[in-house]
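Structure data follow from protein-v6.cif (mmCIF, C-alpha atoms):
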```cif
data_query
#
loop_
_atom_site.label_atom_id
_atom_site.label_comp_id
_atom_site.auth_asym_id
_atom_site.auth_seq_id
_atom_site.Cartn_x
_atom_site.Cartn_y
_atom_site.Cartn_z
CA MET S 27 0.00 0.00 0.00
CA LYS S 28 1.25 3.44 -0.99
CA LEU S 29 1.08 6.70 0.96
CA GLY S 30 -0.30 9.97 -0.36
CA LEU S 31 -0.13 13.41 1.25
CA GLN S 32 -3.56 15.05 1.23
CA LEU S 33 -3.14 18.84 1.01
CA GLY S 34 -6.89 19.42 0.80
CA TYR S 35 -8.37 22.80 -0.08
CA TRP S 36 -7.60 26.17 1.49
CA GLY S 37 -9.47 27.82 4.31
CA ALA S 38 -9.80 31.59 4.68
CA GLN S 39 -6.10 32.04 3.89
CA PRO S 40 -3.47 29.98 2.03
CA PRO S 41 -1.86 27.40 4.33
CA GLN S 42 1.71 27.89 5.53
CA GLY S 43 4.59 25.45 5.30
CA VAL S 44 3.17 23.38 2.44
CA GLY S 45 6.42 23.47 0.50
CA GLU S 46 8.20 21.80 3.42
CA LEU S 47 5.49 19.15 3.68
CA VAL S 48 5.73 18.35 -0.02
CA ALA S 49 9.53 18.17 0.07
CA ALA S 50 9.41 15.88 3.09
CA ALA S 51 6.83 13.64 1.41
CA GLU S 52 9.02 13.21 -1.65
CA ASP S 53 12.14 12.55 0.43
CA ALA S 54 10.29 10.09 2.67
CA GLY S 55 9.01 7.99 -0.23
CA PHE S 56 5.38 9.05 -0.36
CA ASP S 57 3.88 8.07 -3.70
CA ALA S 58 1.81 11.20 -4.35
CA ILE S 59 0.49 14.52 -3.14
CA PHE S 60 -3.15 15.43 -3.65
CA SER S 61 -4.95 18.77 -3.64
CA ALA S 62 -8.67 19.47 -3.47
CA GLU S 63 -11.17 22.22 -4.24
CA ALA S 64 -14.52 23.39 -2.86
CA TRP S 65 -15.54 26.98 -3.64
CA GLY S 66 -12.31 28.82 -2.96
CA SER S 67 -8.89 27.54 -4.02
CA ASP S 68 -8.67 25.35 -7.12
CA ALA S 69 -7.07 21.92 -7.30
CA PHE S 70 -4.60 22.36 -10.17
CA THR S 71 -2.65 25.51 -9.27
CA PRO S 72 -1.23 24.24 -5.94
CA LEU S 73 0.08 21.13 -7.69
CA ALA S 74 1.83 23.26 -10.30
CA TRP S 75 3.25 25.63 -7.68
CA TRP S 76 4.46 23.18 -5.03
CA GLY S 77 5.08 20.35 -7.44
CA ARG S 78 7.66 22.37 -9.36
CA GLU S 79 10.30 21.59 -6.71
CA THR S 80 9.70 17.84 -6.95
CA SER S 81 10.93 15.28 -9.46
CA ARG S 82 9.40 11.93 -8.50
CA ILE S 83 6.22 12.24 -6.49
CA LYS S 84 2.91 12.01 -8.36
CA LEU S 85 0.57 15.01 -8.49
CA GLY S 86 -3.10 14.20 -7.98
CA THR S 87 -6.37 16.06 -7.67
CA SER S 88 -8.74 14.91 -4.95
CA ILE S 89 -10.97 16.08 -6.39
CA VAL S 90 -11.68 18.32 -9.38
CA GLN S 91 -15.34 19.33 -9.59
CA MET S 92 -16.53 18.40 -13.07
CA SER S 93 -19.11 21.16 -13.38
CA GLY S 94 -16.49 23.86 -12.79
CA ARG S 95 -14.91 23.40 -16.22
CA ALA S 96 -15.80 22.03 -19.62
CA PRO S 97 -14.41 18.52 -20.14
CA THR S 98 -11.98 19.83 -22.76
CA SER S 99 -10.79 22.47 -20.28
CA ILE S 100 -10.08 19.79 -17.67
CA ALA S 101 -8.17 17.88 -20.34
CA MET S 102 -6.11 20.99 -21.12
CA HIS S 103 -5.17 21.39 -17.45
CA VAL S 104 -4.12 17.74 -17.28
CA LEU S 105 -2.23 17.85 -20.57
CA THR S 106 -0.30 20.95 -19.48
CA LEU S 107 0.55 19.81 -15.97
CA ASP S 108 1.50 16.34 -17.20
CA HIS S 109 4.09 17.87 -19.54
CA LEU S 110 5.43 20.21 -16.85
CA SER S 111 5.76 17.38 -14.33
CA GLY S 112 7.18 14.77 -16.70
CA GLY S 113 4.11 12.53 -16.66
CA ARG S 114 3.19 12.48 -12.98
CA VAL S 115 -0.47 13.58 -13.01
CA ILE S 116 -3.39 11.62 -11.55
CA LEU S 117 -6.72 13.18 -12.43
CA GLY S 118 -9.23 12.75 -9.62
CA MET S 119 -12.72 14.06 -10.39
CA GLY S 120 -16.20 14.09 -8.90
CA VAL S 121 -19.67 15.51 -9.45
CA SER S 122 -19.82 17.50 -6.16
CA GLY S 123 -23.41 18.27 -5.06
CA PRO S 124 -26.37 20.35 -6.22
CA GLN S 125 -25.73 23.24 -3.82
CA VAL S 126 -22.27 23.78 -5.27
CA VAL S 127 -22.97 22.83 -8.87
CA GLU S 128 -26.09 24.95 -9.25
CA GLY S 129 -25.33 27.60 -6.62
CA TRP S 130 -21.65 28.24 -7.34
CA TYR S 131 -21.07 27.11 -10.91
CA GLY S 132 -24.56 27.87 -12.23
CA GLN S 133 -24.80 24.50 -13.97
CA PRO S 134 -27.55 21.85 -13.81
CA PHE S 135 -26.88 18.95 -11.47
CA ALA S 136 -29.32 16.46 -13.01
CA LYS S 137 -28.12 13.07 -14.29
CA PRO S 138 -24.69 13.04 -12.60
CA LEU S 139 -23.93 9.48 -13.74
CA ALA S 140 -24.49 10.25 -17.41
CA ARG S 141 -22.53 13.49 -17.13
CA THR S 142 -19.62 11.69 -15.51
CA ARG S 143 -19.48 9.14 -18.30
CA GLU S 144 -19.41 11.87 -20.94
CA VAL S 145 -16.73 13.89 -19.15
CA VAL S 146 -14.43 10.89 -18.81
CA ASP S 147 -14.98 9.89 -22.44
CA ILE S 148 -14.23 13.39 -23.78
CA ILE S 149 -11.07 13.78 -21.68
CA ARG S 150 -9.78 10.44 -22.92
CA LYS S 151 -10.47 11.47 -26.53
CA VAL S 152 -8.53 14.71 -26.05
CA LEU S 153 -5.52 12.95 -24.54
CA ALA S 154 -5.55 10.14 -27.11
CA ARG S 155 -5.42 12.78 -29.89
CA GLU S 156 -6.46 10.24 -32.49
CA ALA S 157 -9.08 12.42 -34.19
CA PRO S 158 -10.89 15.75 -33.81
CA VAL S 159 -12.94 15.52 -30.62
CA THR S 160 -16.70 15.14 -30.96
CA ASN S 161 -19.37 14.05 -28.53
CA ASP S 162 -22.97 13.13 -29.28
CA GLY S 163 -24.10 13.07 -25.66
CA PRO S 164 -26.76 15.50 -24.48
CA HIS S 165 -24.72 17.05 -21.65
CA TYR S 166 -21.52 18.14 -23.40
CA PRO S 167 -22.25 18.11 -27.16
CA LEU S 168 -19.24 18.79 -29.36
CA PRO S 169 -19.56 20.76 -31.54
CA PHE S 170 -22.32 22.68 -29.76
CA GLN S 171 -25.34 23.17 -32.01
CA GLY S 172 -28.04 24.04 -29.50
CA GLU S 173 -29.93 27.23 -28.80
CA GLY S 174 -27.69 30.26 -29.25
CA SER S 175 -25.24 28.46 -31.52
CA VAL S 176 -23.98 30.37 -34.57
CA GLY S 177 -23.35 27.08 -36.37
CA LEU S 178 -19.60 27.49 -36.80
CA GLY S 179 -18.36 25.02 -34.20
CA LYS S 180 -15.55 22.85 -35.50
CA PRO S 181 -14.22 19.55 -34.08
CA LEU S 182 -10.63 20.07 -32.96
CA LYS S 183 -7.63 18.13 -31.74
CA PRO S 184 -5.38 19.64 -29.06
CA ILE S 185 -2.56 21.72 -30.53
CA VAL S 186 -0.13 20.26 -28.00
CA HIS S 187 0.62 16.56 -28.33
CA PRO S 188 -0.09 15.04 -24.90
CA LEU S 189 2.88 13.54 -23.11
CA ARG S 190 0.73 10.54 -22.18
CA ALA S 191 -2.27 9.40 -24.13
CA ASP S 192 -3.79 7.73 -21.09
CA VAL S 193 -3.50 9.69 -17.83
CA PRO S 194 -4.96 7.79 -14.83
CA ILE S 195 -8.49 8.96 -13.98
CA TRP S 196 -9.76 8.30 -10.47
CA LEU S 197 -13.34 9.20 -9.54
CA GLY S 198 -14.90 10.25 -6.27
CA ALA S 199 -18.09 8.24 -5.77
CA GLU S 200 -20.35 7.46 -2.83
CA GLY S 201 -23.61 5.75 -3.87
CA PRO S 202 -24.07 2.21 -5.28
CA LYS S 203 -24.63 3.25 -8.90
CA ASN S 204 -21.81 5.78 -8.88
CA VAL S 205 -19.33 3.34 -7.32
CA ALA S 206 -20.27 0.64 -9.84
CA GLN S 207 -19.81 3.04 -12.74
CA THR S 208 -16.46 4.11 -11.32
CA ALA S 209 -15.28 0.49 -11.29
CA GLU S 210 -16.43 0.21 -14.90
CA ILE S 211 -14.96 3.36 -16.51
CA ALA S 212 -12.18 4.64 -14.22
CA ASP S 213 -8.68 3.62 -13.21
CA GLY S 214 -9.29 4.23 -9.54
CA TRP S 215 -11.73 5.31 -6.86
CA ILE S 216 -11.43 8.02 -4.20
CA PRO S 217 -13.98 7.16 -1.51
CA ILE S 218 -14.58 9.75 1.18
CA PHE S 219 -15.77 7.50 4.02
CA TYR S 220 -14.17 4.15 3.30
CA THR S 221 -13.29 2.31 6.53
CA PRO S 222 -12.46 -1.27 7.52
CA LYS S 223 -15.95 -1.68 9.01
CA SER S 224 -17.76 -0.23 5.98
CA ALA S 225 -15.56 -1.82 3.30
CA GLY S 226 -17.80 -4.84 2.86
CA MET S 227 -20.70 -2.61 1.85
CA TYR S 228 -18.81 -1.40 -1.21
CA GLN S 229 -17.52 -4.71 -2.55
CA PRO S 230 -20.70 -5.82 -4.42
CA TRP S 231 -20.97 -2.39 -6.02
CA LEU S 232 -17.37 -2.57 -7.21
CA ASP S 233 -17.82 -6.13 -8.44
CA GLU S 234 -20.86 -5.07 -10.47
CA GLY S 235 -18.77 -2.48 -12.28
CA PHE S 236 -15.83 -4.82 -12.91
CA ALA S 237 -18.24 -7.38 -14.40
CA ARG S 238 -19.74 -5.01 -16.97
CA PRO S 239 -18.81 -5.56 -20.66
CA GLY S 240 -15.88 -3.37 -21.61
CA ALA S 241 -14.89 -2.60 -18.01
CA ARG S 242 -11.57 -0.78 -18.05
CA ARG S 243 -9.97 -2.46 -15.04
CA THR S 244 -10.21 -5.49 -12.80
CA ARG S 245 -9.91 -5.60 -9.05
CA ALA S 246 -6.27 -6.61 -9.51
CA ASP S 247 -5.22 -3.34 -11.15
CA PHE S 248 -7.82 -0.91 -9.80
CA GLU S 249 -6.71 1.78 -7.35
CA ILE S 250 -8.60 2.59 -4.15
CA ALA S 251 -7.31 5.76 -2.49
CA ALA S 252 -8.89 6.21 0.93
CA THR S 253 -8.55 9.40 2.94
CA CYS S 254 -8.07 9.38 6.70
CA HIS S 255 -6.29 11.18 9.50
CA LEU S 256 -3.37 9.17 10.87
CA GLN S 257 -1.82 10.13 14.19
CA VAL S 258 0.42 8.30 16.61
CA VAL S 259 -0.39 8.95 20.28
CA ALA S 260 1.30 7.97 23.51
CA ASN S 261 -1.69 6.67 25.46
CA ALA S 262 -5.47 6.36 25.68
CA GLU S 263 -5.88 9.84 27.14
CA GLU S 264 -4.09 11.43 24.22
CA LYS S 265 -6.11 9.33 21.78
CA ALA S 266 -9.35 10.53 23.36
CA ALA S 267 -8.25 14.12 22.83
CA VAL S 268 -7.48 13.49 19.14
CA LEU S 269 -10.82 11.74 18.62
CA ASP S 270 -12.53 14.74 20.19
CA ALA S 271 -10.68 17.08 17.86
CA MET S 272 -11.77 15.06 14.81
CA ARG S 273 -15.42 14.90 15.88
CA PRO S 274 -16.44 18.28 14.34
CA PHE S 275 -15.28 17.18 10.90
CA VAL S 276 -17.51 14.12 11.06
CA SER S 277 -20.54 16.18 12.12
CA LEU S 278 -19.84 18.71 9.36
CA TYR S 279 -20.05 16.10 6.63
CA MET S 280 -22.89 14.20 8.27
CA GLY S 281 -25.01 17.26 8.94
CA GLY S 282 -23.82 20.34 7.10
CA MET S 283 -22.32 19.47 3.73
CA GLY S 284 -25.36 19.66 1.49
CA ALA S 285 -29.06 20.42 1.65
CA LYS S 286 -31.42 18.35 3.78
CA GLU S 287 -32.95 16.94 0.59
CA ALA S 288 -29.59 16.07 -0.99
CA ASN S 289 -26.67 15.41 1.34
CA PHE S 290 -24.81 12.51 -0.27
CA HIS S 291 -22.34 12.35 2.61
CA ASN S 292 -25.21 11.97 5.06
CA GLN S 293 -26.54 9.06 3.02
CA VAL S 294 -23.22 7.25 3.29
CA PHE S 295 -23.52 7.31 7.07
CA VAL S 296 -27.06 6.00 6.73
CA ARG S 297 -25.78 3.06 4.68
CA MET S 298 -23.08 2.49 7.30
CA GLY S 299 -25.84 1.87 9.86
CA TYR S 300 -26.12 5.29 11.48
CA GLU S 301 -29.54 6.28 10.10
CA ASP S 302 -31.05 7.70 13.31
CA LEU S 303 -27.82 9.46 14.26
CA ALA S 304 -27.41 10.96 10.78
CA ALA S 305 -30.96 12.33 10.84
CA GLU S 306 -30.55 13.92 14.27
CA VAL S 307 -27.10 15.38 13.53
CA GLN S 308 -28.37 16.88 10.29
CA LYS S 309 -31.43 18.33 12.02
CA LEU S 310 -29.32 20.03 14.68
CA TYR S 311 -26.60 21.16 12.29
CA LEU S 312 -29.00 22.80 9.87
CA ALA S 313 -30.72 24.49 12.81
CA GLY S 314 -27.42 26.11 13.73
CA GLU S 315 -26.76 23.90 16.78
CA LYS S 316 -23.40 22.66 15.58
CA ASP S 317 -21.97 21.95 19.02
CA ARG S 318 -24.94 19.78 19.99
CA ALA S 319 -24.70 17.95 16.68
CA THR S 320 -21.00 17.33 17.19
CA SER S 321 -21.50 16.03 20.72
CA LEU S 322 -23.63 13.19 19.34
CA ILE S 323 -20.84 11.71 17.19
CA PRO S 324 -19.64 8.54 18.95
CA ASP S 325 -15.99 7.72 19.50
CA GLU S 326 -16.39 4.37 17.71
CA LEU S 327 -17.36 6.11 14.46
CA VAL S 328 -14.48 8.59 14.57
CA ASP S 329 -12.08 5.78 15.46
CA ASP S 330 -13.31 3.69 12.53
CA MET S 331 -12.90 6.55 10.07
CA HIS S 332 -9.32 7.37 11.08
CA ILE S 333 -6.11 5.68 12.20
CA ILE S 334 -5.29 6.95 15.67
CA GLY S 335 -3.39 5.05 18.33
CA THR S 336 0.01 4.01 19.64
CA ALA S 337 2.67 3.05 17.13
CA GLY S 338 1.73 -0.61 17.35
CA GLU S 339 -1.98 0.11 17.07
CA VAL S 340 -1.43 2.34 14.04
CA LYS S 341 0.54 -0.36 12.21
CA GLU S 342 -2.18 -2.89 13.01
CA LYS S 343 -4.96 -0.60 11.77
CA VAL S 344 -3.05 0.27 8.59
CA ALA S 345 -2.82 -3.44 7.85
CA GLN S 346 -6.58 -3.72 8.30
CA TRP S 347 -7.18 -0.95 5.76
CA GLU S 348 -4.82 -2.62 3.30
CA GLU S 349 -6.60 -5.96 3.69
CA THR S 350 -9.85 -4.36 2.49
CA GLY S 351 -8.28 -3.45 -0.86
CA VAL S 352 -6.98 0.06 -0.20
CA THR S 353 -3.97 0.70 -2.44
CA THR S 354 -3.19 4.26 -1.31
CA LEU S 355 -3.77 5.97 2.04
CA LEU S 356 -4.28 9.71 1.62
CA LEU S 357 -3.07 11.28 4.84
CA SER S 358 -3.20 14.79 6.21
CA CYS S 359 0.02 15.66 8.03
CA ARG S 360 0.74 18.81 10.02
CA SER S 361 4.53 19.01 9.78
CA ALA S 362 7.52 17.71 7.88
CA ASP S 363 8.58 15.78 10.97
CA GLU S 364 5.20 14.06 11.07
CA VAL S 365 5.52 13.13 7.40
CA ARG S 366 8.90 11.57 8.06
CA SER S 367 7.80 9.76 11.21
CA VAL S 368 4.74 8.27 9.48
CA ALA S 369 6.85 7.06 6.58
CA GLU S 370 9.40 5.54 8.94
CA LEU S 371 6.73 3.81 11.02
CA LEU S 372 5.00 2.28 7.99
CA ALA S 373 8.13 1.48 5.98
#
```
Represent the supplied structure as structure tokens.
Amino acid sequence: MKLGLQLGYWGAQPPQGVGELVAAAEDAGFDAIFSAEAWGSDAFTPLAWWGRETSRIKLGTSIVQMSGRAPTSIAMHVLTLDHLSGGRVILGMGVSGPQVVEGWYGQPFAKPLARTREVVDIIRKVLAREAPVTNDGPHYPLPFQGEGSVGLGKPLKPIVHPLRADVPIWLGAEGPKNVAQTAEIADGWIPIFYTPKSAGMYQPWLDEGFARPGARRTRADFEIAATCHLQVVANAEEKAAVLDAMRPFVSLYMGGMGAKEANFHNQVFVRMGYEDLAAEVQKLYLAGEKDRATSLIPDELVDDMHIIGTAGEVKEKVAQWEETGVTTLLLSCRSADEVRSVAELLA
């Protein structure tokens, strides 16, 4: 199992010390760094900026929001960064949610599965550069000939010859249909709440995708990149404090990331067996009672979602994650020393 450094997306201000983290990750043998985006910083620019001082480590997006750019624009970003990095890009993408897609990007959210399939297909056509790129699908028609068209659209190939004709595409997916489609059309999967206890829930969905005619990968060569917080503690008291610090992040995703009618993260917790808890946390969170919502999150859930314990416990839990099929652990680290110590512990 490989290690990835999850840089995430920015808060109110750009984070400090990222260059040191990235340098330490490369020196310590991490396989990749990943950046994210929400509705502030973008995912590509940090990889170009901090990745310029690296030579080996892969540069991944976790994740790019598909509705924020046309598929051909995403392909241009990938093509450019892949050349600049010498072929180290991993393109991670996802559909986001209706609040962001329609509220921030001003795009329709309907039919996310069909849109995902078209986006992936168009990007692969651009990078293959075998013919001028066209698409007959209803979501991203190329050339565009709909209302407002002047009728002069022309199929084009990228001017720049891509360094690689087949950049790895990993998809963020949460529901059964989305996970199955990911196993069918993608090179990897970036689950947000994959844990040893919940892993069994996903296996039939993945198997369905692998079994479809024309599936791109098999379980043997499919990547699963799971995100978690890993921290080595000295004793049970220190572990309790870390679990308490992680609790607000769980309540945020369970209760506050999305509308009541469409919170896909909340639905994952429902499928994990926390239906009553998820409903109550969401109710409180959306009513502005964030502290009360957070207080309801049990230690066992936070502990399952992350790898927190003594050195021996951490090694044991990492092995459990690997046994479920995880090929890359995406970890958030706070310092270069922590990056190095994690790499040394798990070497």
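Using all atoms listed in the file, the set of residues no farther than 12 Å from the position (-7.1, -6.1, -6.3) comprises Met27, Ala209, Gly214, Gln229, Leu232, Asp233, Phe236, Arg243, Thr244, Arg245, Ala246, Asp247, Phe248, Glu249, Ile250, Glu348, Glu349, Thr350, Gly351, Val352 and Thr353 of chain S.
Restricting the calculation to all atoms listed in the file, the smallest distance between S:Arg114 and any of S:Asp330, S:Asp147, S:Asp68, S:Asp57 is found for S:Asp57.
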Pairwise distance for atom CA of S:Met298 and atom CA of S:Lys223, rounded to one decimal in Å
8.4 Å
Per residue of stretch 65-148 of chain S within 9 Å of stretch 178-190 of chain S, what are the shortest atom pair and its distance in Å to one decimal, counting all atoms listed in the file, with rows by chain and residue number, as a Markdown table?
```
| residue | atom | partner | partner_atom | distance |
| --- | --- | --- | --- | --- |
| S:Met102 | CA | S:Pro184 | CA | 8.1 |
| S:Leu105 | CA | S:Pro188 | CA | 5.6 |
| S:Thr106 | CA | S:Pro188 | CA | 8.0 |
| S:Asp108 | CA | S:Leu189 | CA | 6.7 |
| S:His109 | CA | S:Leu189 | CA | 5.7 |
| S:Gly112 | CA | S:Leu189 | CA | 7.8 |
| S:Gly113 | CA | S:Leu189 | CA | 6.6 |
```
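Atom CA of S:Glu364 lies 16.5 Å from atom CA of S:Pro41.
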For S:Val126, which of S:Val276, S:Ala191, S:Met92, S:Ala337 is the closest residue, counting only C-alpha atoms?
S:Met92
Minimum-distance residue to S:Gly281, chosen among S:Gly77, S:Ala262, S:Glu301, S:Ile334 (using only C-alpha atoms):
S:Glu301
Shortest contact to S:Ala362, candidates S:Tyr35, S:Ala54, S:Gly132, S:Ile83, atoms counted all atoms listed in the file, goes to S:Ala54
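Put simply, the PyMOL selection byres ((chain S and resi 291) around 10) in this file takes in Gly123, Glu200, Gly201, Ile218, Phe219, Val276, Leu278, Tyr279, Met280, Gly281, Gly282, Met283, Gly284, Ala288, Asn289, Phe290, Asn292, Gln293, Val294, Phe295, Val296 and Ala304 of chain S.
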